[in-house]
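S.K.: Just dropping this structure here.
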Protein chains: 2
Amino acid sequence: MRSLLLLSAVLLTAAVPPKKLPTPSDIVAAAPASAWRTIAPDNLMIMDLASGGRIVVQLAPEFAPVHVANIKALARGRYWDGATIYRLQDNYVAQWGLNESDRPWPKGITAKPPPEYTRSLKGLNIKPLGYPDDYAPAAGFWQGWPVAYSPKAGWATLTHCYASVGVGRDLAPDTGTGGELYAIIGQSPRQLDRNIALVGRVIEGIDRLSSLPRGPAPMGFYPDKAQNVPIAKIRMASDMPAADRPSYEYLDTDSVSFTRYLQVKANRHDDFYQVPAGGVDLCNVNVPVRKRGLTG
Amino acid sequence: MRSLLLLSAVLLTAAVPPKKLPTPSDIVAAAPASAWRTIAPDNLMIMDLASGGRIVVQLAPEFAPVHVANIKALARGRYWDGATIYRLQDNYVAQWGLNESDRPWPKGITAKPPPEYTRSLKGLNIKPLGYPDDYAPAAGFWQGWPVAYSPKAGWATLTHCYASVGVGRDLAPDTGTGGELYAIIGQSPRQLDRNIALVGRVIEGIDRLSSLPRGPAPMGFYPDKAQNVPIAKIRMASDMPAADRPSYEYLDTDSVSFTRYLQVKANRHDDFYQVPAGGVDLCNVNVPVRKRGLTG
């Protein structure tokens, strides 16, 4: 009799489908205005291609202050006007800019910044991912940024996810000045974490980089300079007239909405999904960012 | 005195740089001929674009036998001649093909294949990755394929890594017939594992897909059919004249060379890297594949 009851219980369980969850997009659409944080225009770098396309980079001075100060100074000094995108390596990076052999550094640039590959964990109240990370003792989110960290050793770092932006460099101990930047256009090359300075992420127009033709030379360079993609100009949003200035918000990673978003990302069970994974990689979470109207 | 000795020991340790490792490319270049395995021409699907570019897919009948049998029959029946690539969603998929509303299925096609999302672990001697996986109890490699598996539940599955190829489908319980295929062109969407049939991977020409313009309509579709990228033909290599047939090899994932490659991938410490990660994600390993000369 007992085994029959157990069998019935099993059948009953199997007959009741697990409750469907909302999609991540549903969660984002339902997030209240209070869950969104405006990105400071002084941290928005606007790259306009000669072809008319726009790429917007959010900078993270909290992680690489000297490199980011250089980048802002280069944008303000119009250093990159007429520069190019010259490297497209498939499943790896798009790279653009100039270096001192192309054009001398303007005044006020730190030519040899320190290796800002990690920062102190102090002062960062990190929201944990809640799943293992293969490249660091722990992973999570701080003010919208995906980060890896070591509670024991006390360091934190931005991570190489899709659309992350870093500073090109030669072999160590060179750390790169900031004139040449790259964005990740494929599977997250997390082995670069803590070996190179990350300075931000593309929040609009990454598809304009990822859909460019790959360079046929080793490491994805365009062997013929005529293939390089011309950049019209790069400016900080804070230096643009208010009426032209774009504005963006990210979903607060400390908000209830983000907690729910993360939970659903790790347990997809909407109309398309039958088997929730029960976990998610840091670089598959994609902190939601949205454009607001012009601020003018 | 004791503390001075300790201090000296620390200084001595700091003064001896850790031994530099070879790069993953060094390991691959040094792998002996015996470490390479030829891919059977009956599992090579050759897609030639009207523009002249070629994309080569290695099929995995061991994981999705009914879907793969359909795909081979469609190629042999010239079903896709004149089909198109019609969907490019950034950081997600490129999708191509036809379905029964475009052209009736030829004879011998299983219109409603079973959900070949996992297979039995039995008979698979898997080389473990050796690091945690966020989407499955375990991950590793079998005959060159990245796989996730559950030793306890006894299932194994191919995984959604960069360049993986799967079968487009509508909402469950539809599993897709095989006429419409997708390839991953961004961060590995591992949440799709066990929810859709994976049938292989692109081993040549993934950059021809990943560099196509993204579709501006929702989910990356091209709203104007004139934007679709025409496919000239899709054939199985085994049906091509021997003189025209391309041939490929993968690095045996049970070889000593692959073990060393995996170890170095997880611990990059060559001239560019100062801090080895001490781990690697399954989809960042990239089993080496190389083209041989024509077999004719």
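Ligands are numbered from 1 in the order shown, residues from 1 within each chain, and chains are lettered A, B, ... in the order they appear in the structure tokens.
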Any idea what's packed within 12 Å of B:Ala83, counting only C-alpha atoms, ignoring anything in its chain fewer than 6 positions away? Could you give it as a count of residues only?
M.R.: 24
S.K.: Which residues, written as a PyMOL selection string, have at least one atom at most 8 Å from stretch 115-124 of chain A, with only C-alpha atoms counted and residues fewer than 5 positions away on the same chain left out?
M.R.: chain A and resi 63-67+142+149-151+154-158+175+193-198
S.K.: Please report, as a list in words, each residue of stretch 163-275 of chain B to which DSSP assigns alpha helix (DSSP H) when run on this structure's backbone.
M.R.: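 Checking each residue of stretch 163-275 of chain B, the alpha helix (DSSP H) ones are Ile206, Asp207, Arg208, Leu209, Ser210, Val256, Ser257, Phe258, Thr259, Arg260, Tyr261, Leu262, Gln263, Val264 and Lys265 of chain B.
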S.K.: Least-squares superpose chain B onto chain A - every C-alpha atom, paired in order - and show me the moved coordinates as an mmCIF file with C-alpha atoms, in the first residue's frame.
M.R.:
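File selection.cif, as written:
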data_model
loop_
_atom_site.group_PDB
_atom_site.id
_atom_site.type_symbol
_atom_site.label_atom_id
_atom_site.label_comp_id
_atom_site.auth_asym_id
_atom_site.auth_seq_id
_atom_site.Cartn_x
_atom_site.Cartn_y
_atom_site.Cartn_z
ATOM 1 C CA MET B 1 0.128 -1.025 -1.248
ATOM 2 C CA ARG B 2 2.990 1.172 -0.206
ATOM 3 C CA SER B 3 4.753 0.942 -3.542
ATOM 4 C CA LEU B 4 1.522 1.817 -5.327
ATOM 5 C CA LEU B 5 1.165 4.954 -3.235
ATOM 6 C CA LEU B 6 4.744 5.907 -4.026
ATOM 7 C CA LEU B 7 4.103 5.357 -7.698
ATOM 8 C CA SER B 8 1.036 7.590 -7.540
ATOM 9 C CA ALA B 9 3.044 10.288 -5.811
ATOM 10 C CA VAL B 10 5.626 10.143 -8.596
ATOM 11 C CA LEU B 11 2.948 10.352 -11.276
ATOM 12 C CA LEU B 12 1.312 13.261 -9.493
ATOM 13 C CA THR B 13 4.609 15.153 -9.328
ATOM 14 C CA ALA B 14 5.303 14.510 -12.992
ATOM 15 C CA ALA B 15 1.816 15.680 -13.951
ATOM 16 C CA VAL B 16 2.174 19.119 -12.334
ATOM 17 C CA PRO B 17 4.419 21.223 -14.575
ATOM 18 C CA PRO B 18 6.818 23.520 -12.695
ATOM 19 C CA LYS B 19 5.696 27.126 -12.550
ATOM 20 C CA LYS B 20 6.782 29.206 -15.548
ATOM 21 C CA LEU B 21 9.048 32.156 -14.811
ATOM 22 C CA PRO B 22 9.077 35.579 -16.500
ATOM 23 C CA THR B 23 11.837 36.234 -19.058
ATOM 24 C CA PRO B 24 14.785 38.481 -18.149
ATOM 25 C CA SER B 25 13.287 41.094 -20.509
ATOM 26 C CA ASP B 26 10.015 40.966 -18.556
ATOM 27 C CA ILE B 27 11.915 41.750 -15.336
ATOM 28 C CA VAL B 28 13.762 44.657 -16.954
ATOM 29 C CA ALA B 29 10.555 46.084 -18.443
ATOM 30 C CA ALA B 30 8.873 45.933 -15.035
ATOM 31 C CA ALA B 31 11.754 47.539 -13.094
ATOM 32 C CA PRO B 32 10.642 50.798 -11.414
ATOM 33 C CA ALA B 33 12.319 54.119 -12.275
ATOM 34 C CA SER B 34 13.994 53.999 -8.840
ATOM 35 C CA ALA B 35 15.980 50.914 -9.892
ATOM 36 C CA TRP B 36 17.826 52.800 -12.655
ATOM 37 C CA ARG B 37 20.982 54.878 -12.202
ATOM 38 C CA THR B 38 22.119 57.595 -14.604
ATOM 39 C CA ILE B 39 25.658 57.224 -15.971
ATOM 40 C CA ALA B 40 27.651 60.435 -15.407
ATOM 41 C CA PRO B 41 28.291 62.229 -18.736
ATOM 42 C CA ASP B 42 31.901 62.702 -17.639
ATOM 43 C CA ASN B 43 32.298 58.911 -17.929
ATOM 44 C CA LEU B 44 30.699 58.618 -21.386
ATOM 45 C CA MET B 45 33.072 58.506 -24.329
ATOM 46 C CA ILE B 46 31.394 58.974 -27.723
ATOM 47 C CA MET B 47 33.144 57.568 -30.784
ATOM 48 C CA ASP B 48 31.673 58.636 -34.130
ATOM 49 C CA LEU B 49 32.776 56.682 -37.175
ATOM 50 C CA ALA B 50 33.333 58.494 -40.472
ATOM 51 C CA SER B 51 30.578 56.244 -41.892
ATOM 52 C CA GLY B 52 28.114 57.773 -39.441
ATOM 53 C CA GLY B 53 27.851 54.986 -36.857
ATOM 54 C CA ARG B 54 28.224 55.736 -33.157
ATOM 55 C CA ILE B 55 29.879 53.689 -30.410
ATOM 56 C CA VAL B 56 29.449 54.736 -26.771
ATOM 57 C CA VAL B 57 31.866 53.623 -24.036
ATOM 58 C CA GLN B 58 31.183 53.939 -20.321
ATOM 59 C CA LEU B 59 34.483 54.522 -18.500
ATOM 60 C CA ALA B 60 35.300 53.180 -15.027
ATOM 61 C CA PRO B 61 37.699 55.594 -13.286
ATOM 62 C CA GLU B 62 37.130 53.679 -10.042
ATOM 63 C CA PHE B 63 39.176 50.770 -11.438
ATOM 64 C CA ALA B 64 41.905 52.347 -13.591
ATOM 65 C CA PRO B 65 42.113 56.026 -12.607
ATOM 66 C CA VAL B 66 45.379 56.921 -14.384
ATOM 67 C CA HIS B 67 44.488 55.155 -17.632
ATOM 68 C CA VAL B 68 40.995 56.657 -17.605
ATOM 69 C CA ALA B 69 42.386 60.143 -16.921
ATOM 70 C CA ASN B 70 44.644 59.681 -19.957
ATOM 71 C CA ILE B 71 41.735 58.573 -22.109
ATOM 72 C CA LYS B 72 39.634 61.577 -21.096
ATOM 73 C CA ALA B 73 42.570 63.911 -21.796
ATOM 74 C CA LEU B 74 43.106 62.320 -25.219
ATOM 75 C CA ALA B 75 39.415 62.742 -26.088
ATOM 76 C CA ARG B 76 39.492 66.368 -24.874
ATOM 77 C CA GLY B 77 42.678 66.979 -26.839
ATOM 78 C CA ARG B 78 40.995 65.591 -30.003
ATOM 79 C CA TYR B 79 43.905 63.167 -30.214
ATOM 80 C CA TRP B 80 41.905 60.514 -32.038
ATOM 81 C CA ASP B 81 40.343 62.705 -34.750
ATOM 82 C CA GLY B 82 41.133 60.820 -37.950
ATOM 83 C CA ALA B 83 42.332 57.684 -36.135
ATOM 84 C CA THR B 84 41.133 54.227 -37.274
ATOM 85 C CA ILE B 85 39.900 50.816 -36.216
ATOM 86 C CA TYR B 86 42.773 48.696 -37.478
ATOM 87 C CA ARG B 87 42.452 45.238 -35.880
ATOM 88 C CA LEU B 88 39.551 42.762 -35.958
ATOM 89 C CA GLN B 89 40.436 39.339 -34.568
ATOM 90 C CA ASP B 90 37.535 36.918 -34.690
ATOM 91 C CA ASN B 91 36.133 35.755 -31.342
ATOM 92 C CA TYR B 92 38.537 38.127 -29.592
ATOM 93 C CA VAL B 93 38.912 41.890 -30.083
ATOM 94 C CA ALA B 94 38.290 44.995 -32.168
ATOM 95 C CA GLN B 95 41.097 47.519 -31.622
ATOM 96 C CA TRP B 96 41.393 51.196 -32.522
ATOM 97 C CA GLY B 97 43.332 54.361 -31.822
ATOM 98 C CA LEU B 98 46.806 55.833 -32.162
ATOM 99 C CA ASN B 99 50.068 55.638 -30.258
ATOM 100 C CA GLU B 100 53.010 57.939 -29.755
ATOM 101 C CA SER B 101 54.709 56.718 -32.920
ATOM 102 C CA ASP B 102 51.622 57.890 -34.875
ATOM 103 C CA ARG B 103 51.218 61.236 -33.082
ATOM 104 C CA PRO B 104 53.062 62.657 -30.038
ATOM 105 C CA TRP B 105 51.240 62.504 -26.707
ATOM 106 C CA PRO B 106 49.617 65.809 -25.778
ATOM 107 C CA LYS B 107 50.695 67.524 -22.530
ATOM 108 C CA GLY B 108 49.365 66.118 -19.292
ATOM 109 C CA ILE B 109 49.422 62.477 -20.398
ATOM 110 C CA THR B 110 51.007 59.926 -18.077
ATOM 111 C CA ALA B 111 53.091 58.034 -20.625
ATOM 112 C CA LYS B 112 53.774 55.071 -18.330
ATOM 113 C CA PRO B 113 50.776 54.473 -16.058
ATOM 114 C CA PRO B 114 51.025 51.996 -13.184
ATOM 115 C CA PRO B 115 49.591 48.477 -13.721
ATOM 116 C CA GLU B 116 45.990 49.211 -12.766
ATOM 117 C CA TYR B 117 44.971 45.604 -13.278
ATOM 118 C CA THR B 118 43.363 45.225 -9.875
ATOM 119 C CA ARG B 119 42.257 47.606 -7.151
ATOM 120 C CA SER B 120 41.641 47.200 -3.449
ATOM 121 C CA LEU B 121 38.418 45.492 -2.485
ATOM 122 C CA LYS B 122 38.030 48.115 0.257
ATOM 123 C CA GLY B 123 35.017 50.343 -0.204
ATOM 124 C CA LEU B 124 33.383 48.070 -2.779
ATOM 125 C CA ASN B 125 30.117 46.610 -1.550
ATOM 126 C CA ILE B 126 29.853 43.792 -4.075
ATOM 127 C CA LYS B 127 26.650 41.955 -4.903
ATOM 128 C CA PRO B 128 27.801 38.318 -5.232
ATOM 129 C CA LEU B 129 27.009 36.370 -8.402
ATOM 130 C CA GLY B 130 26.262 33.345 -6.234
ATOM 131 C CA TYR B 131 27.882 30.831 -8.600
ATOM 132 C CA PRO B 132 31.487 29.656 -9.036
ATOM 133 C CA ASP B 133 33.945 31.562 -11.209
ATOM 134 C CA ASP B 134 36.778 29.738 -13.001
ATOM 135 C CA TYR B 135 39.089 32.764 -13.085
ATOM 136 C CA ALA B 136 38.876 34.214 -9.581
ATOM 137 C CA PRO B 137 37.912 33.192 -6.056
ATOM 138 C CA ALA B 138 34.628 35.121 -6.401
ATOM 139 C CA ALA B 139 32.575 37.147 -8.872
ATOM 140 C CA GLY B 140 29.766 39.659 -8.610
ATOM 141 C CA PHE B 141 28.591 43.166 -9.428
ATOM 142 C CA TRP B 142 29.470 46.639 -8.217
ATOM 143 C CA GLN B 143 27.490 49.661 -9.358
ATOM 144 C CA GLY B 144 26.581 47.926 -12.598
ATOM 145 C CA TRP B 145 30.038 46.505 -13.349
ATOM 146 C CA PRO B 146 30.778 42.773 -13.505
ATOM 147 C CA VAL B 147 33.762 42.202 -11.221
ATOM 148 C CA ALA B 148 35.958 39.369 -10.004
ATOM 149 C CA TYR B 149 37.557 39.540 -6.581
ATOM 150 C CA SER B 150 39.418 37.794 -3.828
ATOM 151 C CA PRO B 151 37.955 38.318 -0.358
ATOM 152 C CA LYS B 152 41.112 36.782 1.093
ATOM 153 C CA ALA B 153 43.748 38.666 -0.921
ATOM 154 C CA GLY B 154 41.653 41.840 -0.961
ATOM 155 C CA TRP B 155 41.705 42.692 -4.678
ATOM 156 C CA ALA B 156 38.937 43.364 -7.199
ATOM 157 C CA THR B 157 39.039 43.725 -10.977
ATOM 158 C CA LEU B 158 36.765 44.484 -13.885
ATOM 159 C CA THR B 159 36.351 41.398 -16.076
ATOM 160 C CA HIS B 160 36.794 40.639 -19.772
ATOM 161 C CA CYS B 161 33.198 40.111 -20.849
ATOM 162 C CA TYR B 162 31.584 40.762 -24.244
ATOM 163 C CA ALA B 163 31.914 44.523 -24.988
ATOM 164 C CA SER B 164 34.467 45.172 -22.223
ATOM 165 C CA VAL B 165 37.034 47.832 -23.177
ATOM 166 C CA GLY B 166 40.728 47.667 -22.287
ATOM 167 C CA VAL B 167 44.033 49.375 -23.017
ATOM 168 C CA GLY B 168 46.269 47.790 -25.644
ATOM 169 C CA ARG B 169 49.846 47.250 -24.485
ATOM 170 C CA ASP B 170 53.092 45.593 -25.504
ATOM 171 C CA LEU B 171 54.786 42.938 -23.392
ATOM 172 C CA ALA B 172 55.010 43.523 -19.635
ATOM 173 C CA PRO B 173 55.964 45.681 -17.797
ATOM 174 C CA ASP B 174 54.433 48.095 -20.365
ATOM 175 C CA THR B 175 50.834 48.834 -19.297
ATOM 176 C CA GLY B 176 49.758 50.894 -22.302
ATOM 177 C CA THR B 177 49.149 54.637 -22.228
ATOM 178 C CA GLY B 178 45.530 54.578 -23.379
ATOM 179 C CA GLY B 179 45.844 55.732 -26.981
ATOM 180 C CA GLU B 180 45.015 52.271 -28.303
ATOM 181 C CA LEU B 181 41.876 50.615 -26.994
ATOM 182 C CA TYR B 182 40.187 47.264 -27.631
ATOM 183 C CA ALA B 183 36.686 45.896 -27.147
ATOM 184 C CA ILE B 184 35.837 42.209 -26.686
ATOM 185 C CA ILE B 185 33.731 40.852 -29.573
ATOM 186 C CA GLY B 186 33.484 37.134 -28.711
ATOM 187 C CA GLN B 187 33.635 34.599 -25.924
ATOM 188 C CA SER B 188 34.917 36.355 -22.810
ATOM 189 C CA PRO B 189 38.740 35.963 -22.678
ATOM 190 C CA ARG B 190 38.828 36.022 -18.903
ATOM 191 C CA GLN B 191 42.459 34.843 -18.876
ATOM 192 C CA LEU B 192 43.315 38.496 -19.629
ATOM 193 C CA ASP B 193 41.851 39.624 -16.283
ATOM 194 C CA ARG B 194 44.582 41.001 -13.992
ATOM 195 C CA ASN B 195 47.026 41.052 -16.922
ATOM 196 C CA ILE B 196 45.882 44.214 -18.686
ATOM 197 C CA ALA B 197 44.051 47.416 -17.775
ATOM 198 C CA LEU B 198 40.298 47.346 -18.294
ATOM 199 C CA VAL B 199 38.764 50.814 -18.423
ATOM 200 C CA GLY B 200 35.095 50.356 -19.265
ATOM 201 C CA ARG B 201 32.580 48.813 -21.637
ATOM 202 C CA VAL B 202 30.709 49.564 -24.836
ATOM 203 C CA ILE B 203 27.101 50.363 -23.919
ATOM 204 C CA GLU B 204 25.895 51.260 -27.412
ATOM 205 C CA GLY B 205 27.070 50.147 -30.839
ATOM 206 C CA ILE B 206 29.125 47.060 -29.982
ATOM 207 C CA ASP B 207 27.459 45.439 -33.023
ATOM 208 C CA ARG B 208 29.138 48.089 -35.214
ATOM 209 C CA LEU B 209 32.483 46.693 -34.061
ATOM 210 C CA SER B 210 31.609 42.993 -33.948
ATOM 211 C CA SER B 211 30.220 42.989 -37.504
ATOM 212 C CA LEU B 212 33.333 44.522 -39.116
ATOM 213 C CA PRO B 213 35.308 42.277 -41.486
ATOM 214 C CA ARG B 214 38.009 40.291 -39.690
ATOM 215 C CA GLY B 215 41.583 41.267 -40.512
ATOM 216 C CA PRO B 216 43.364 38.574 -42.529
ATOM 217 C CA ALA B 217 46.856 39.258 -41.120
ATOM 218 C CA PRO B 218 48.060 37.524 -37.916
ATOM 219 C CA MET B 219 46.192 38.745 -34.805
ATOM 220 C CA GLY B 220 43.453 40.216 -37.004
ATOM 221 C CA PHE B 221 45.280 43.272 -38.335
ATOM 222 C CA TYR B 222 44.239 44.751 -41.664
ATOM 223 C CA PRO B 223 47.389 44.421 -43.783
ATOM 224 C CA ASP B 224 46.249 47.150 -46.170
ATOM 225 C CA LYS B 225 45.740 50.481 -44.399
ATOM 226 C CA ALA B 226 42.963 51.257 -46.868
ATOM 227 C CA GLN B 227 40.903 48.611 -45.023
ATOM 228 C CA ASN B 228 41.180 50.468 -41.704
ATOM 229 C CA VAL B 229 37.845 51.887 -40.565
ATOM 230 C CA PRO B 230 38.088 55.683 -40.162
ATOM 231 C CA ILE B 231 37.000 57.327 -36.915
ATOM 232 C CA ALA B 232 35.655 60.856 -37.384
ATOM 233 C CA LYS B 233 36.046 61.928 -33.752
ATOM 234 C CA ILE B 234 35.987 60.829 -30.136
ATOM 235 C CA ARG B 235 34.558 63.160 -27.474
ATOM 236 C CA MET B 236 33.458 63.022 -23.861
ATOM 237 C CA ALA B 237 29.672 63.472 -23.538
ATOM 238 C CA SER B 238 30.272 66.110 -20.869
ATOM 239 C CA ASP B 239 32.047 68.265 -23.483
ATOM 240 C CA MET B 240 29.166 68.101 -25.940
ATOM 241 C CA PRO B 241 26.402 70.739 -26.045
ATOM 242 C CA ALA B 242 23.640 69.640 -23.669
ATOM 243 C CA ALA B 243 21.179 69.408 -26.559
ATOM 244 C CA ASP B 244 23.353 66.824 -28.363
ATOM 245 C CA ARG B 245 24.411 64.824 -25.329
ATOM 246 C CA PRO B 246 23.097 61.252 -25.132
ATOM 247 C CA SER B 247 22.196 59.857 -21.727
ATOM 248 C CA TYR B 248 22.181 56.281 -20.416
ATOM 249 C CA GLU B 249 21.070 54.416 -17.329
ATOM 250 C CA TYR B 250 22.047 51.032 -15.909
ATOM 251 C CA LEU B 251 19.939 48.782 -13.743
ATOM 252 C CA ASP B 252 21.174 49.215 -10.168
ATOM 253 C CA THR B 253 22.856 45.902 -9.321
ATOM 254 C CA ASP B 254 21.837 46.399 -5.683
ATOM 255 C CA SER B 255 18.142 46.698 -6.607
ATOM 256 C CA VAL B 256 15.444 44.103 -6.022
ATOM 257 C CA SER B 257 14.846 44.118 -9.797
ATOM 258 C CA PHE B 258 18.444 43.115 -10.506
ATOM 259 C CA THR B 259 18.336 40.353 -7.898
ATOM 260 C CA ARG B 260 15.258 38.960 -9.621
ATOM 261 C CA TYR B 261 16.852 39.410 -13.063
ATOM 262 C CA LEU B 262 19.942 37.484 -11.938
ATOM 263 C CA GLN B 263 17.774 34.722 -10.479
ATOM 264 C CA VAL B 264 15.819 34.350 -13.718
ATOM 265 C CA LYS B 265 18.991 34.470 -15.847
ATOM 266 C CA ALA B 266 20.282 31.481 -13.877
ATOM 267 C CA ASN B 267 16.967 29.613 -14.031
ATOM 268 C CA ARG B 268 15.384 30.246 -17.427
ATOM 269 C CA HIS B 269 11.997 28.613 -17.418
ATOM 270 C CA ASP B 270 9.766 30.615 -19.714
ATOM 271 C CA ASP B 271 7.910 29.380 -22.795
ATOM 272 C CA PHE B 272 11.086 28.460 -24.669
ATOM 273 C CA TYR B 273 12.924 26.736 -21.820
ATOM 274 C CA GLN B 274 12.124 23.355 -20.307
ATOM 275 C CA VAL B 275 15.272 22.784 -18.241
ATOM 276 C CA PRO B 276 16.583 25.661 -16.085
ATOM 277 C CA ALA B 277 20.390 25.596 -15.796
ATOM 278 C CA GLY B 278 20.495 26.426 -12.100
ATOM 279 C CA GLY B 279 23.490 28.701 -12.628
ATOM 280 C CA VAL B 280 24.956 31.401 -14.837
ATOM 281 C CA ASP B 281 28.419 32.658 -15.802
ATOM 282 C CA LEU B 282 29.344 36.199 -14.807
ATOM 283 C CA CYS B 283 29.722 37.271 -18.443
ATOM 284 C CA ASN B 284 26.329 35.878 -19.415
ATOM 285 C CA VAL B 285 24.419 38.100 -17.006
ATOM 286 C CA ASN B 286 24.699 41.349 -19.045
ATOM 287 C CA VAL B 287 23.731 44.170 -16.697
ATOM 288 C CA PRO B 288 20.856 46.008 -18.431
ATOM 289 C CA VAL B 289 21.681 49.464 -19.829
ATOM 290 C CA ARG B 290 19.161 51.717 -21.575
ATOM 291 C CA LYS B 291 19.283 54.965 -23.465
ATOM 292 C CA ARG B 292 17.257 57.889 -22.256
ATOM 293 C CA GLY B 293 16.100 60.761 -24.404
ATOM 294 C CA LEU B 294 18.510 63.622 -25.027
ATOM 295 C CA THR B 295 19.134 65.535 -21.820
ATOM 296 C CA GLY B 296 18.799 68.952 -23.442
#
S.K.: Running DSSP on the backbone, which parts of stretch 182-258 of chain B land in strand (DSSP E or B), as a list in words?
M.R.: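 In stretch 182-258 of chain B, DSSP puts these residues in strand (DSSP E or B): Tyr182, Ala183, Ile184, Leu198, Val199, Gly200, Arg201, Val202, Ile203, Glu204, Phe221, Val229, Pro230, Ile231, Ala232, Lys233, Ile234, Arg235, Met236, Ser247, Tyr248, Glu249, Tyr250 and Leu251 of chain B.
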